[in-house]
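Participant: First the structure, which I've put down as structure tokens, then a few questions once you've had a look.
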Amino acid sequence: MVCFPQVLEKNRLEAMKKICAILPSYNEGKNIAGVIKGVLRHKINVVVVDDGSTDDTYRLAEESGVSVIRHAKKQGKGAALKDGLDFAILHGYDYMIAMDADGQHSPEEIPLFISEADKHEDAGIIIGNRLSNPEGMPATRLYTNQLMSQIVSSLCGQYIPDTQCGFKLIKKTALENINIKTRKFEIETELLVKAAKANFRIISVPITTIYAGEKSHINPFMDALRFIKFTIGAIFKR
């Protein structure tokens, strides 16, 4: 069979994925420009969601020439991520890569997620696994993540070693089958549980995480309550 150049070009364009990285950000003025620069090296678009920062996060993101969504007041990482995902769906992106803007996630590992997404057509989410090499992770965070991951894996019916990792790739095909209702910390769990219930596989990839004394924006007590509430709801909806 003869393939004409225009047919080959058409097939090549159809195979290309439209990809963006979503960076929920709150007072990340010292990190945001470097993270954006690292992501742009991979020739993918960037969407920064500035969650009511009081420093120069918004200005620096705008000066980087990427898309920026700005919250007038702080709404939380979940709300920032949801607004970023809504923006990405509206603009026709096929793969959405969520990353922290504080430098804990290495942009150099973005190709790992894209490669796994391309390889597994039945996968809806490719999620990072920090627990394969948790060196430097605070002990309390490590044990909490391990416990949460066991619970969420049970709800999903598939093993996910690090369910609370914020570094993940979400396919448009999966997101179109997920009705996101939460706007706080528990959004990480909601995405996984609802993707699994929609019969998508969740693939984990080992990643490195850089800890440099960053202050977590998580409220341990309130976010634990939200996680428990969501988990109980998910169990009774089984």
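Chain labels follow the order of the structure tokens: the first chain is A, the next B, and so on; residue numbering restarts at 1 in every chain, and ligands are counted from 1 in their shown order.
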Write out as a PyMOL selection string all residues of region 86-229 of chain A that DSSP puts in strand (DSSP E or B) for this structure's backbone.

Facilitator: chain A and resi 95-98+105+123-129+168-171+201-206+209

Participant: Those same residues - N, CA and C atoms - I'd like them written as a short mmCIF file (atom, residue, chain, number, x, y, z; two decimals), in the first residue's frame.

Facilitator:
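Saved to result04.cif:
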```cif
data_model
loop_
_atom_site.label_atom_id
_atom_site.label_comp_id
_atom_site.auth_asym_id
_atom_site.auth_seq_id
_atom_site.Cartn_x
_atom_site.Cartn_y
_atom_site.Cartn_z
N TYR A 95 -4.01 16.09 27.19
CA TYR A 95 -3.33 15.68 28.41
C TYR A 95 -3.15 16.91 29.28
N MET A 96 -3.48 16.79 30.56
CA MET A 96 -3.28 17.87 31.53
C MET A 96 -2.35 17.39 32.62
N ILE A 97 -1.22 18.05 32.79
CA ILE A 97 -0.23 17.64 33.78
C ILE A 97 -0.29 18.61 34.96
N ALA A 98 -0.75 18.11 36.10
CA ALA A 98 -0.80 18.93 37.31
C ALA A 98 0.53 18.82 38.04
N HIS A 105 8.39 19.29 42.38
CA HIS A 105 8.29 18.37 41.26
C HIS A 105 9.22 18.82 40.15
N ALA A 123 -5.56 3.83 30.33
CA ALA A 123 -5.23 4.59 31.54
C ALA A 123 -5.86 5.97 31.47
N GLY A 124 -6.48 6.40 32.58
CA GLY A 124 -7.06 7.73 32.62
C GLY A 124 -6.19 8.73 33.34
N ILE A 125 -5.40 8.21 34.30
CA ILE A 125 -4.52 9.07 35.10
C ILE A 125 -3.17 8.39 35.25
N ILE A 126 -2.11 9.16 35.05
CA ILE A 126 -0.75 8.71 35.34
C ILE A 126 -0.30 9.53 36.54
N ILE A 127 0.02 8.88 37.64
CA ILE A 127 0.32 9.60 38.88
C ILE A 127 1.73 9.28 39.37
N GLY A 128 2.39 10.28 39.91
CA GLY A 128 3.73 10.09 40.43
C GLY A 128 3.74 9.27 41.72
N ASN A 129 4.83 8.56 41.92
CA ASN A 129 5.01 7.76 43.13
C ASN A 129 6.29 8.21 43.83
N LYS A 168 0.72 14.67 38.45
CA LYS A 168 -0.05 13.66 37.73
C LYS A 168 -0.44 14.16 36.35
N LEU A 169 -0.70 13.22 35.45
CA LEU A 169 -1.24 13.52 34.13
C LEU A 169 -2.65 12.98 34.08
N ILE A 170 -3.58 13.82 33.64
CA ILE A 170 -4.98 13.42 33.54
C ILE A 170 -5.40 13.54 32.08
N LYS A 171 -5.93 12.47 31.53
CA LYS A 171 -6.37 12.50 30.14
C LYS A 171 -7.74 13.15 30.02
N ARG A 201 -7.80 2.79 34.06
CA ARG A 201 -6.63 2.36 34.84
C ARG A 201 -5.89 3.58 35.36
N ILE A 202 -5.25 3.42 36.50
CA ILE A 202 -4.41 4.47 37.08
C ILE A 202 -3.00 3.91 37.17
N ILE A 203 -2.09 4.52 36.43
CA ILE A 203 -0.72 4.04 36.33
C ILE A 203 0.18 4.92 37.20
N SER A 204 1.09 4.29 37.94
CA SER A 204 2.03 5.03 38.78
C SER A 204 3.42 5.03 38.14
N VAL A 205 4.11 6.16 38.25
CA VAL A 205 5.50 6.25 37.77
C VAL A 205 6.37 6.78 38.90
N PRO A 206 7.52 6.14 39.15
CA PRO A 206 8.42 6.63 40.20
C PRO A 206 8.95 8.02 39.86
N THR A 209 11.25 13.71 44.45
CA THR A 209 10.62 14.90 45.00
C THR A 209 11.67 15.68 45.77
#
```

Participant: Mind checking which residues fall within 7 Å of Thr189 (chain A), counting only C-alpha atoms, ignoring those fewer than 4 positions away in the same chain, and posting them as a VMD selection string?

Facilitator: chain A and resid 152 163 193

Participant: Output the selection as an mmCIF file, in the first residue's frame - C-alpha atoms for each residue.

Facilitator:
```
data_model
loop_
_atom_site.group_PDB
_atom_site.id
_atom_site.type_symbol
_atom_site.label_atom_id
_atom_site.label_comp_id
_atom_site.auth_asym_id
_atom_site.auth_seq_id
_atom_site.Cartn_x
_atom_site.Cartn_y
_atom_site.Cartn_z
ATOM 1 C CA VAL A 152 -7.894 4.975 48.447
ATOM 2 C CA THR A 163 -2.496 8.559 46.001
ATOM 3 C CA VAL A 193 -11.826 7.225 42.843
#
```

Participant: For the structure I just gave you, how does DSSP split region 11-232 of chain A - specifically, which residues are alpha helix (DSSP H)? Reply as an mmCIF file with C-alpha atoms, in the first residue's frame.

Facilitator:
```
data_model
loop_
_atom_site.group_PDB
_atom_site.id
_atom_site.type_symbol
_atom_site.label_atom_id
_atom_site.label_comp_id
_atom_site.auth_asym_id
_atom_site.auth_seq_id
_atom_site.Cartn_x
_atom_site.Cartn_y
_atom_site.Cartn_z
ATOM 1 C CA ASN A 11 -1.910 10.834 10.508
ATOM 2 C CA ARG A 12 1.007 12.499 12.261
ATOM 3 C CA LEU A 13 -1.088 15.526 13.216
ATOM 4 C CA GLU A 14 -3.928 13.309 14.459
ATOM 5 C CA ALA A 15 -1.472 11.378 16.650
ATOM 6 C CA ILE A 32 7.227 30.186 39.838
ATOM 7 C CA ALA A 33 9.458 31.617 37.079
ATOM 8 C CA GLY A 34 11.938 28.744 37.357
ATOM 9 C CA VAL A 35 9.216 26.089 37.303
ATOM 10 C CA ILE A 36 7.553 27.687 34.260
ATOM 11 C CA LYS A 37 10.880 27.853 32.449
ATOM 12 C CA GLY A 38 11.534 24.178 33.190
ATOM 13 C CA VAL A 39 8.124 23.141 31.863
ATOM 14 C CA LEU A 40 8.386 25.239 28.697
ATOM 15 C CA THR A 57 3.458 35.340 41.817
ATOM 16 C CA TYR A 58 0.860 36.762 39.429
ATOM 17 C CA ARG A 59 3.204 39.364 37.919
ATOM 18 C CA LEU A 60 6.021 36.884 37.374
ATOM 19 C CA ALA A 61 3.688 34.330 35.799
ATOM 20 C CA GLU A 62 2.267 36.931 33.411
ATOM 21 C CA GLU A 63 5.750 38.125 32.487
ATOM 22 C CA LYS A 77 -5.360 24.163 45.991
ATOM 23 C CA GLY A 78 -8.375 22.042 45.044
ATOM 24 C CA ALA A 79 -10.242 25.048 43.676
ATOM 25 C CA ALA A 80 -7.137 26.196 41.801
ATOM 26 C CA LEU A 81 -6.643 22.758 40.265
ATOM 27 C CA LYS A 82 -10.304 22.458 39.277
ATOM 28 C CA ASP A 83 -10.281 25.871 37.602
ATOM 29 C CA GLY A 84 -7.113 24.905 35.736
ATOM 30 C CA LEU A 85 -8.678 21.651 34.547
ATOM 31 C CA ASP A 86 -11.842 23.460 33.450
ATOM 32 C CA PHE A 87 -9.685 25.911 31.464
ATOM 33 C CA ALA A 88 -7.788 23.043 29.834
ATOM 34 C CA ILE A 89 -10.949 21.191 28.790
ATOM 35 C CA LEU A 90 -12.423 24.421 27.404
ATOM 36 C CA ILE A 110 7.336 15.326 32.499
ATOM 37 C CA PRO A 111 8.286 13.002 29.564
ATOM 38 C CA LEU A 112 7.826 9.984 31.890
ATOM 39 C CA PHE A 113 4.147 10.841 32.297
ATOM 40 C CA ILE A 114 3.576 11.508 28.604
ATOM 41 C CA SER A 115 5.299 8.271 27.609
ATOM 42 C CA GLU A 116 3.148 6.192 29.987
ATOM 43 C CA ALA A 117 -0.022 7.973 28.865
ATOM 44 C CA ASP A 118 0.755 7.213 25.227
ATOM 45 C CA LYS A 119 1.619 3.608 26.051
ATOM 46 C CA ALA A 139 8.089 11.049 58.667
ATOM 47 C CA THR A 140 4.578 12.269 59.515
ATOM 48 C CA ARG A 141 3.817 12.976 55.850
ATOM 49 C CA LEU A 142 5.243 9.594 54.819
ATOM 50 C CA TYR A 143 3.102 7.582 57.252
ATOM 51 C CA THR A 144 -0.008 9.634 56.492
ATOM 52 C CA ASN A 145 0.453 9.145 52.737
ATOM 53 C CA GLN A 146 0.941 5.407 53.179
ATOM 54 C CA LEU A 147 -2.261 5.087 55.217
ATOM 55 C CA MET A 148 -4.310 7.234 52.831
ATOM 56 C CA SER A 149 -2.947 5.328 49.843
ATOM 57 C CA GLN A 150 -4.066 2.001 51.313
ATOM 58 C CA ILE A 151 -7.583 3.343 51.871
ATOM 59 C CA VAL A 152 -7.894 4.975 48.447
ATOM 60 C CA SER A 153 -6.425 1.936 46.669
ATOM 61 C CA SER A 154 -9.156 -0.161 48.276
ATOM 62 C CA LEU A 155 -11.837 2.264 47.050
ATOM 63 C CA CYS A 156 -10.363 2.263 43.541
ATOM 64 C CA LYS A 172 -9.237 14.448 28.656
ATOM 65 C CA THR A 173 -11.092 11.181 28.025
ATOM 66 C CA ALA A 174 -11.055 10.460 31.765
ATOM 67 C CA LEU A 175 -11.843 13.986 32.913
ATOM 68 C CA ILE A 187 -9.855 16.602 45.149
ATOM 69 C CA GLU A 188 -6.755 14.365 44.768
ATOM 70 C CA THR A 189 -8.781 11.424 46.105
ATOM 71 C CA GLU A 190 -11.934 12.308 44.182
ATOM 72 C CA LEU A 191 -10.117 12.296 40.835
ATOM 73 C CA LEU A 192 -8.687 8.826 41.426
ATOM 74 C CA VAL A 193 -11.826 7.225 42.843
ATOM 75 C CA LYS A 194 -14.101 8.568 40.113
ATOM 76 C CA ALA A 195 -11.653 7.683 37.330
ATOM 77 C CA ALA A 196 -11.448 4.119 38.671
ATOM 78 C CA LYS A 197 -15.257 3.884 38.916
ATOM 79 C CA PRO A 220 -3.835 18.627 58.849
ATOM 80 C CA PHE A 221 -6.981 18.638 61.003
ATOM 81 C CA MET A 222 -9.490 20.106 58.538
ATOM 82 C CA ASP A 223 -8.111 18.254 55.551
ATOM 83 C CA ALA A 224 -8.124 14.954 57.455
ATOM 84 C CA LEU A 225 -11.811 15.538 58.266
ATOM 85 C CA ARG A 226 -12.568 16.267 54.599
ATOM 86 C CA PHE A 227 -10.709 13.124 53.541
ATOM 87 C CA ILE A 228 -12.655 10.996 56.050
ATOM 88 C CA LYS A 229 -15.970 12.549 54.985
ATOM 89 C CA PHE A 230 -15.266 11.937 51.297
ATOM 90 C CA THR A 231 -14.049 8.387 51.984
ATOM 91 C CA ILE A 232 -17.145 7.464 53.986
#
```

Participant: I want to know what sits within 10 Å of Asn45 (chain A), based on only C-alpha atoms, with residues of the same chain fewer than 3 positions away left out; could you give that as a ChimeraX atom specification?

Facilitator: /A:18-22,36,39-42,66-67,93,96

Participant: Those residues with C-alpha atoms, as a JSON list (two decimals), in the first residue's frame please?

Facilitator:
```
[["chain", "number", "residue", "atom", "x", "y", "z"],
["A", 18, "LYS", "CA", -2.30, 18.88, 22.84],
["A", 19, "ILE", "CA", -0.70, 19.09, 26.28],
["A", 20, "CYS", "CA", -0.61, 21.66, 29.07],
["A", 21, "ALA", "CA", 0.83, 21.82, 32.57],
["A", 22, "ILE", "CA", -1.39, 23.27, 35.32],
["A", 36, "ILE", "CA", 7.55, 27.69, 34.26],
["A", 39, "VAL", "CA", 8.12, 23.14, 31.86],
["A", 40, "LEU", "CA", 8.39, 25.24, 28.70],
["A", 41, "ARG", "CA", 11.56, 23.37, 27.73],
["A", 42, "HIS", "CA", 9.30, 20.44, 26.87],
["A", 66, "VAL", "CA", 1.91, 31.83, 29.86],
["A", 67, "SER", "CA", -1.84, 31.65, 30.53],
["A", 93, "TYR", "CA", -6.16, 19.91, 25.71],
["A", 96, "MET", "CA", -3.28, 17.87, 31.53]]
```

Participant: Work out how far apart CA of Ile69 (chain A) and CA of Val48 (chain A) are and give it in Å to one decimal.

Facilitator: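 It comes out at 6.2 Å.
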
Participant: Could you check which of A:Thr54, A:Asn133, A:Gln164, A:Asn199 is closest to Gly29 (chain A), using only C-alpha atoms?

Facilitator: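 Of A:Thr54, A:Asn133, A:Gln164, A:Asn199, the one nearest Gly29 (chain A), counting only C-alpha atoms, is A:Thr54.
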